[in-house]
Amino acid sequence: MSEHPSSNKLNFFEVHLDQLRAALEKVSPTESVRLILSEPKNEVIVHFPVRMDDGSVKLFTGYRIQHNNILGPYKGGIRYSDHVTLPEVKALAALMTYKCALLDIPFGGAKGGVRINPKNYSQTELERVTRRFTHDLGSNIGPEYDIPAPDMGTNAQTMVWMMDTYMNGAGAQNKNAVRGVVTGKTLGAGGSVGRDKATGQGVVYAIDEWAEEKNFSLDGARFTVQGYGNVGSHAAMLLAQAGALCVAVCDHSGAISDPAGLDTVELAAHVKKAGGVAGYDKATTITRDEFFGTKCDILIPAAMEFQIDAHEANLINARVVVEGANGPTTPRGEEVLLAKGVDIIPDILANAGGVCVSYYEWIQNKRSESWNLREVDSKLKERLRSAYERVREFSEEHKVSRRTAALAVAVLRVSDSYRERGIFP
Ligand code: NAD
């Protein structure tokens with residue numbers, strides 16, 4: 001199931017800069033801050049060979065883009081997808097800078113990616129790809145410098161391979177001190193409880209805030225989800241627990257619906273086994289357009305960028321779009337949605353739960369502690385609530401969209417830091 005054709009022509013980084021421009025107009029940072037934010041600080045590109053199971057060798061391209069570290073170590077996910085391009089990773093890295101700034105997390109922004117479709121490779125091949133990529137990144141990552149995490153196409157196992165590879169290069173004395181080089185690890189390798197569901201949980205906390213603001217009850221509310229991976233499936237299962245009905249789901253394999261509400265847990269098990277929602281026999285198969293046109297209260301795009309262009313926005317019949325994915329709405333899509341009166345909770349707010357709990361994992365690794373789920377969830381809820389409030393206030397005061405408001409609040413935080421510290425030398 002491919003994205004809308006016209007959105008293929010968009011350059012994600014250029015789109016991001018346009019969206020940033022609207023925020024810069026509202027907060028007027030100095031010219032030097034504008035210049036600094038217009039490009040990432042470092043762009044690392046590696047081409048590396050990996051032996052396949054059949055003995056042949058393939059060359060892969062990997063990226064680590066470090067956008068900004070004024071607020072703390074670079075932080076951001078690693079994506080495995082055959083769509084990975086330099087502008088995509090640059091945009092995702094920039095979004096991380098603003099996400100951390102908005103949530104008041106002492107991290108900067110980075111993102112990485114390998115151009116590979118993980119579905120076409122065995123586990124042993126993926127392990128070799130991950131270990132070789134980590135090795136080639138070398139000292140460009142580190143627990144006090146740049147800390148990767150999972151993103152599309154990667155998971156806790158990928159992070160454990162990265163951690164183990166990095167640890168083995170750190171020398172016997174330092175091995176355990178560098179466990180925090182990645183977050184989103186398995187619990188056994190030093191991960192945090194609640195990290196697996198954290199992004200989906202954050203999406204739901206953001207929806208809770210929106211529901212409270214609008215005096216809307218989630219009990220019996222209807223929602224749809226695009227993407228049933230880490231973010232989409234956890235958001236769906238948690239919303240269903242709150243009494244909402246998941247009436248349609250779409251992913252790369254197809255789209256399905258059930259007006260009476262899908263069993264979100266059973267669907268997650270099906271996706272794990274079958275690789276996608278297609279073939280789930282307790283639902284009706286629908287088209288991608290029918291998915292976007294499904295009447296609902298809440299639509300959660302949780303797949304990838306540029307999925308909601310003007311075409312999809314015209315079809316959408318929802319009260320709010322909550323961006324679980326990064327950059328799922330094109331500028332034209334956003335224009336149509338806002339003109340129709342559909343609220344948008346922007347990516348850097350809606351999907352910030354992942355980096356929040358990654359931060360908690362990093363702290364736990366530093367202190368050799370393990371927090372419980374109640375502690376992790378309550379800290380996450382409070383942090384998201386306060387960011388949501390700051391965005392709502394800015395948006396109302398300056399009469400701008402929530403996306404512009406979220407970016408503006410984040411830029412203010414970054415530019416305050418540059419004002420205090422100045423430009424070196
Ligand atoms: P994932 O790999 O676990 O799942 C991706 C999902 O998207 C799958 O269901 C896949 O079928 C679907 N998909 C891919 N291409 C599609 C297409 N063309 N049309 C429809 N569906 C498609 O990835 P994830 O970790 O859930 O990430 C999803 C999005 O959320 C990405 O934009 C990612 O950057 C963002 N995000 C992830 C995290 C995290 O903690 N994992 C945190 C913040 C933001």
# chains A, B, ... in the order shown; residues from 1 in each chain; ligands from 1
>>> residues_near_ligand(ligand="ligand 1", cutoff="6 Å", atoms="only C-alpha atoms and all ligand atoms", output="number ranges by chain")
A: 1-3, 150-153, 199, 226-232, 250-252, 276, 302-304, 324-326, 351, 354
>>> residues_around(residues="region 90-105 of chain A", least_positions_apart="4", cutoff="6 Å", atoms="only C-alpha atoms", output="list of chain:residue names")
A:Phe12, A:Phe13, A:His67, A:Gly109, A:Ala110, A:Lys111, A:Ile348, A:Ala387, A:Ala410
>>> closest_atom_pairs(of="region 291-398 of chain A", to="region 236-247 of chain A", cutoff="9 Å", atoms="only C-alpha atoms", output="CSV")
residue,atom,partner,partner_atom,distance
A:Thr294,CA,A:Val247,CA,8.1
A:Lys295,CA,A:Val247,CA,8.8
A:Cys296,CA,A:Val247,CA,7.7
A:Ile300,CA,A:Ala236,CA,8.8
>>> atom_distance(atom1="CA of Arg419 (chain A)", atom2="CA of Asn69 (chain A)")
14.7 Å
>>> closest_residue(among="A:Pro331, A:Pro259, A:Pro143, A:Gly353", to="Asn176 (chain A)", atoms="only C-alpha atoms")
A:Pro143
>>> atom_distance(atom1="CA of Tyr418 (chain A)", atom2="CA of Leu349 (chain A)")
22.7 Å
>>> closest_residue(among="A:Glu209, A:Glu361, A:Glu305, A:Glu396", to="Gly180 (chain A)", atoms="only C-alpha atoms")
A:Glu361
>>> residues_around(residues="region 306-316 of chain A", least_positions_apart="6", cutoff="10 Å", atoms="only C-alpha atoms", output="compact mmCIF listing (two decimals) with all heavy atoms, in the first residue's frame")
# COMPACT_ATOMS: atom_id res chain seq x y z
N SER A 2 0.94 1.95 -1.11
CA SER A 2 1.90 3.06 -1.19
C SER A 2 1.24 4.38 -0.79
O SER A 2 0.01 4.49 -0.75
CB SER A 2 2.45 3.18 -2.61
OG SER A 2 1.39 3.50 -3.45
N GLU A 3 2.09 5.37 -0.52
CA GLU A 3 1.57 6.67 -0.12
C GLU A 3 1.00 7.40 -1.33
O GLU A 3 1.20 6.98 -2.46
CB GLU A 3 2.65 7.51 0.56
CG GLU A 3 3.88 7.72 -0.24
CD GLU A 3 4.93 6.67 0.07
OE1 GLU A 3 4.60 5.49 0.17
OE2 GLU A 3 6.09 7.05 0.17
N HIS A 4 0.33 8.51 -1.07
CA HIS A 4 -0.26 9.27 -2.17
C HIS A 4 0.86 9.75 -3.08
O HIS A 4 1.86 10.30 -2.61
CB HIS A 4 -1.04 10.45 -1.58
CG HIS A 4 -1.88 11.12 -2.60
ND1 HIS A 4 -1.54 12.31 -3.16
CD2 HIS A 4 -3.00 10.72 -3.20
CE1 HIS A 4 -2.46 12.64 -4.05
NE2 HIS A 4 -3.36 11.70 -4.09
N PRO A 5 0.73 9.53 -4.43
CA PRO A 5 1.85 9.77 -5.33
C PRO A 5 2.45 11.18 -5.26
O PRO A 5 3.67 11.33 -5.28
CB PRO A 5 1.26 9.51 -6.72
CG PRO A 5 -0.06 8.90 -6.52
CD PRO A 5 -0.45 9.01 -5.09
N SER A 6 1.61 12.22 -5.14
CA SER A 6 2.14 13.59 -5.20
C SER A 6 3.09 13.88 -4.03
O SER A 6 3.99 14.69 -4.13
CB SER A 6 1.00 14.59 -5.21
OG SER A 6 0.25 14.44 -4.03
N SER A 7 2.89 13.18 -2.89
CA SER A 7 3.72 13.47 -1.73
C SER A 7 5.14 12.95 -1.90
O SER A 7 6.05 13.35 -1.19
CB SER A 7 3.09 12.88 -0.46
OG SER A 7 2.96 11.49 -0.62
N ASN A 8 5.34 12.06 -2.91
CA ASN A 8 6.68 11.51 -3.15
C ASN A 8 7.68 12.58 -3.55
O ASN A 8 8.88 12.42 -3.40
CB ASN A 8 6.65 10.46 -4.26
CG ASN A 8 5.99 9.18 -3.76
OD1 ASN A 8 5.91 8.98 -2.56
ND2 ASN A 8 5.52 8.37 -4.68
N LEU A 10 7.97 15.59 -2.38
CA LEU A 10 8.35 16.53 -1.32
C LEU A 10 9.69 16.17 -0.70
O LEU A 10 10.01 15.01 -0.55
CB LEU A 10 7.28 16.54 -0.23
CG LEU A 10 5.92 17.11 -0.60
CD1 LEU A 10 4.92 16.88 0.53
CD2 LEU A 10 6.02 18.60 -0.90
N PHE A 12 11.55 16.29 2.67
CA PHE A 12 11.13 16.37 4.07
C PHE A 12 11.87 17.51 4.79
O PHE A 12 11.28 18.25 5.57
CB PHE A 12 11.39 15.01 4.74
CG PHE A 12 10.68 14.77 6.05
CD1 PHE A 12 10.82 13.53 6.69
CD2 PHE A 12 9.86 15.72 6.66
CE1 PHE A 12 10.18 13.27 7.90
CE2 PHE A 12 9.22 15.46 7.87
CZ PHE A 12 9.39 14.24 8.49
N GLN A 226 -3.29 4.47 11.33
CA GLN A 226 -2.48 4.05 10.17
C GLN A 226 -1.11 3.63 10.68
O GLN A 226 -0.41 4.42 11.30
CB GLN A 226 -2.32 5.18 9.16
CG GLN A 226 -1.68 4.65 7.88
CD GLN A 226 -0.97 5.70 7.06
OE1 GLN A 226 -0.48 6.69 7.59
NE2 GLN A 226 -0.91 5.47 5.76
N ARG A 288 -7.40 1.96 0.86
CA ARG A 288 -6.71 3.03 1.59
C ARG A 288 -7.60 4.27 1.68
O ARG A 288 -7.68 4.92 2.73
CB ARG A 288 -5.39 3.33 0.86
CG ARG A 288 -4.50 4.34 1.56
CD ARG A 288 -3.19 4.48 0.78
NE ARG A 288 -2.26 5.35 1.48
CZ ARG A 288 -2.28 6.67 1.39
NH1 ARG A 288 -3.17 7.28 0.64
NH2 ARG A 288 -1.38 7.38 2.07
N ASP A 289 -8.27 4.63 0.57
CA ASP A 289 -9.15 5.80 0.59
C ASP A 289 -10.32 5.59 1.56
O ASP A 289 -10.72 6.52 2.28
CB ASP A 289 -9.70 6.08 -0.82
CG ASP A 289 -8.71 6.87 -1.66
OD1 ASP A 289 -7.59 7.15 -1.16
OD2 ASP A 289 -9.05 7.20 -2.82
N GLU A 290 -10.86 4.38 1.56
CA GLU A 290 -11.97 4.11 2.50
C GLU A 290 -11.47 4.23 3.94
O GLU A 290 -12.18 4.71 4.82
CB GLU A 290 -12.55 2.71 2.26
CG GLU A 290 -13.45 2.67 1.04
CD GLU A 290 -13.80 1.26 0.58
OE1 GLU A 290 -13.10 0.29 0.96
OE2 GLU A 290 -14.76 1.13 -0.20
N PHE A 291 -10.22 3.80 4.17
CA PHE A 291 -9.65 3.94 5.52
C PHE A 291 -9.64 5.41 5.92
O PHE A 291 -10.13 5.78 6.99
CB PHE A 291 -8.22 3.37 5.58
CG PHE A 291 -7.48 3.80 6.80
CD1 PHE A 291 -7.69 3.17 8.02
CD2 PHE A 291 -6.60 4.89 6.76
CE1 PHE A 291 -7.04 3.61 9.17
CE2 PHE A 291 -5.95 5.33 7.91
CZ PHE A 291 -6.17 4.69 9.12
N PHE A 292 -9.08 6.26 5.05
CA PHE A 292 -8.99 7.68 5.43
C PHE A 292 -10.37 8.32 5.55
O PHE A 292 -10.56 9.26 6.32
CB PHE A 292 -8.10 8.45 4.45
CG PHE A 292 -6.63 8.30 4.78
CD1 PHE A 292 -5.80 7.52 3.99
CD2 PHE A 292 -6.10 8.89 5.91
CE1 PHE A 292 -4.46 7.35 4.31
CE2 PHE A 292 -4.76 8.73 6.25
CZ PHE A 292 -3.93 7.95 5.45
N GLY A 293 -11.35 7.80 4.78
CA GLY A 293 -12.69 8.38 4.82
C GLY A 293 -13.55 7.84 5.96
O GLY A 293 -14.68 8.30 6.16
N THR A 294 -13.05 6.88 6.72
CA THR A 294 -13.86 6.28 7.80
C THR A 294 -14.24 7.34 8.83
O THR A 294 -13.37 8.06 9.35
CB THR A 294 -13.07 5.15 8.51
OG1 THR A 294 -12.71 4.18 7.54
CG2 THR A 294 -13.89 4.51 9.60
N LYS A 295 -15.53 7.42 9.14
CA LYS A 295 -15.98 8.41 10.12
C LYS A 295 -15.49 8.01 11.51
O LYS A 295 -15.68 6.86 11.93
CB LYS A 295 -17.51 8.49 10.09
CG LYS A 295 -18.07 9.56 10.99
CD LYS A 295 -19.57 9.71 10.78
CE LYS A 295 -20.28 10.49 11.87
NZ LYS A 295 -19.55 11.55 12.51
N CYS A 296 -14.82 8.94 12.17
CA CYS A 296 -14.29 8.62 13.51
C CYS A 296 -14.08 9.93 14.27
O CYS A 296 -14.24 11.02 13.71
CB CYS A 296 -12.97 7.86 13.39
SG CYS A 296 -11.69 8.78 12.54
N LEU A 299 -8.08 10.25 14.55
CA LEU A 299 -7.28 9.53 13.55
C LEU A 299 -5.82 9.62 13.99
O LEU A 299 -5.30 10.71 14.24
CB LEU A 299 -7.47 10.16 12.16
CG LEU A 299 -6.46 9.76 11.07
CD1 LEU A 299 -6.51 8.26 10.78
CD2 LEU A 299 -6.73 10.52 9.79
N ALA A 325 3.21 9.35 14.06
CA ALA A 325 4.38 9.32 13.16
C ALA A 325 5.03 10.69 13.13
O ALA A 325 4.43 11.69 13.55
CB ALA A 325 3.94 8.92 11.76
N ASN A 326 6.24 10.75 12.61
CA ASN A 326 6.90 12.03 12.38
C ASN A 326 6.54 12.54 10.99
O ASN A 326 6.70 11.80 10.01
CB ASN A 326 8.41 11.85 12.50
CG ASN A 326 8.85 11.70 13.94
OD1 ASN A 326 8.54 12.54 14.79
ND2 ASN A 326 9.56 10.62 14.24
N GLY A 327 6.05 13.76 10.92
CA GLY A 327 5.76 14.40 9.64
C GLY A 327 4.70 13.72 8.78
O GLY A 327 4.82 13.73 7.56
N PRO A 328 3.64 13.14 9.38
CA PRO A 328 2.67 12.41 8.54
C PRO A 328 1.79 13.32 7.68
O PRO A 328 1.20 12.85 6.70
CB PRO A 328 1.81 11.67 9.56
CG PRO A 328 1.88 12.50 10.79
CD PRO A 328 3.26 13.09 10.81
N THR A 329 1.72 14.61 8.04
CA THR A 329 0.80 15.51 7.32
C THR A 329 1.60 16.47 6.44
O THR A 329 2.49 17.16 6.94
CB THR A 329 -0.04 16.33 8.34
OG1 THR A 329 -0.50 15.44 9.36
CG2 THR A 329 -1.22 17.00 7.69
N THR A 330 1.30 16.52 5.16
CA THR A 330 2.00 17.46 4.27
C THR A 330 1.44 18.86 4.54
O THR A 330 0.34 19.01 5.09
CB THR A 330 1.78 17.13 2.78
OG1 THR A 330 0.41 17.41 2.48
CG2 THR A 330 2.11 15.68 2.46
N PRO A 331 2.15 19.91 4.09
CA PRO A 331 1.62 21.27 4.30
C PRO A 331 0.23 21.45 3.66
O PRO A 331 -0.66 22.06 4.25
CB PRO A 331 2.66 22.16 3.62
CG PRO A 331 3.94 21.37 3.73
CD PRO A 331 3.54 19.93 3.59
N ARG A 332 0.04 20.87 2.44
CA ARG A 332 -1.29 21.00 1.82
C ARG A 332 -2.34 20.22 2.60
O ARG A 332 -3.48 20.65 2.75
CB ARG A 332 -1.24 20.50 0.37
CG ARG A 332 -0.49 21.47 -0.56
CD ARG A 332 -0.66 21.08 -2.00
NE ARG A 332 -0.43 19.65 -2.18
CZ ARG A 332 -0.82 18.97 -3.23
NH1 ARG A 332 -1.46 19.56 -4.19
NH2 ARG A 332 -0.56 17.68 -3.33
N GLY A 333 -1.93 19.06 3.10
CA GLY A 333 -2.85 18.26 3.93
C GLY A 333 -3.27 19.04 5.17
O GLY A 333 -4.45 19.07 5.54
N GLU A 334 -2.30 19.69 5.78
CA GLU A 334 -2.58 20.46 7.00
C GLU A 334 -3.55 21.62 6.71
O GLU A 334 -4.47 21.87 7.47
CB GLU A 334 -1.27 20.98 7.59
CG GLU A 334 -1.49 21.84 8.81
CD GLU A 334 -0.31 21.81 9.80
OE1 GLU A 334 0.69 21.14 9.52
OE2 GLU A 334 -0.43 22.44 10.85
N GLU A 335 -3.31 22.28 5.56
CA GLU A 335 -4.17 23.40 5.19
C GLU A 335 -5.63 22.94 5.09
O GLU A 335 -6.54 23.59 5.62
CB GLU A 335 -3.71 23.88 3.81
CG GLU A 335 -3.57 25.37 3.66
CD GLU A 335 -3.02 25.66 2.27
OE1 GLU A 335 -1.79 25.67 2.14
OE2 GLU A 335 -3.83 25.80 1.32
N VAL A 336 -5.82 21.82 4.40
CA VAL A 336 -7.19 21.30 4.21
C VAL A 336 -7.80 20.92 5.56
O VAL A 336 -8.94 21.28 5.86
CB VAL A 336 -7.18 20.08 3.25
CG1 VAL A 336 -8.57 19.43 3.19
CG2 VAL A 336 -6.70 20.48 1.87
N LEU A 337 -7.03 20.23 6.39
CA LEU A 337 -7.57 19.78 7.69
C LEU A 337 -7.98 20.98 8.55
O LEU A 337 -9.06 21.00 9.13
CB LEU A 337 -6.53 18.93 8.45
CG LEU A 337 -6.25 17.54 7.91
CD1 LEU A 337 -5.17 16.86 8.75
CD2 LEU A 337 -7.51 16.68 7.91
N LEU A 338 -7.08 21.98 8.62
CA LEU A 338 -7.38 23.13 9.48
C LEU A 338 -8.59 23.89 8.95
O LEU A 338 -9.45 24.34 9.73
CB LEU A 338 -6.16 24.04 9.62
CG LEU A 338 -4.95 23.41 10.35
CD1 LEU A 338 -3.77 24.38 10.40
CD2 LEU A 338 -5.31 22.94 11.76
N LYS A 340 -11.05 22.61 7.48
CA LYS A 340 -12.24 21.82 7.82
C LYS A 340 -12.53 21.83 9.32
O LYS A 340 -13.49 21.21 9.78
CB LYS A 340 -12.02 20.35 7.41
CG LYS A 340 -12.19 20.09 5.92
CD LYS A 340 -11.64 18.73 5.51
CE LYS A 340 -12.50 17.58 5.95
NZ LYS A 340 -12.12 16.31 5.26
N VAL A 342 -10.51 20.48 11.62
CA VAL A 342 -9.96 19.30 12.29
C VAL A 342 -8.75 19.73 13.11
O VAL A 342 -7.85 20.40 12.59
CB VAL A 342 -9.53 18.22 11.25
CG1 VAL A 342 -8.94 17.00 11.95
CG2 VAL A 342 -10.71 17.84 10.35
>>> residues_around(residues="Ile423 (chain A)", least_positions_apart="6", cutoff="10 Å", atoms="only C-alpha atoms", output="list in words")
Ser32, Val33 and Ile36 of chain A
>>> write_last_selection(atoms="N, CA, C and O atoms", output="tab-separated table (two decimals), in the first residue's frame")
chain	number	residue	atom	x	y	z
A	32	SER	N	22.02	34.58	14.31
A	32	SER	CA	22.95	33.44	14.46
A	32	SER	C	22.18	32.17	14.81
A	32	SER	O	22.49	31.09	14.31
A	33	VAL	N	21.14	32.27	15.63
A	33	VAL	CA	20.34	31.07	15.97
A	33	VAL	C	19.62	30.56	14.71
A	33	VAL	O	19.59	29.37	14.43
A	36	ILE	N	22.20	28.71	12.67
A	36	ILE	CA	22.59	27.43	13.27
A	36	ILE	C	21.50	26.39	13.03
A	36	ILE	O	21.78	25.23	12.69
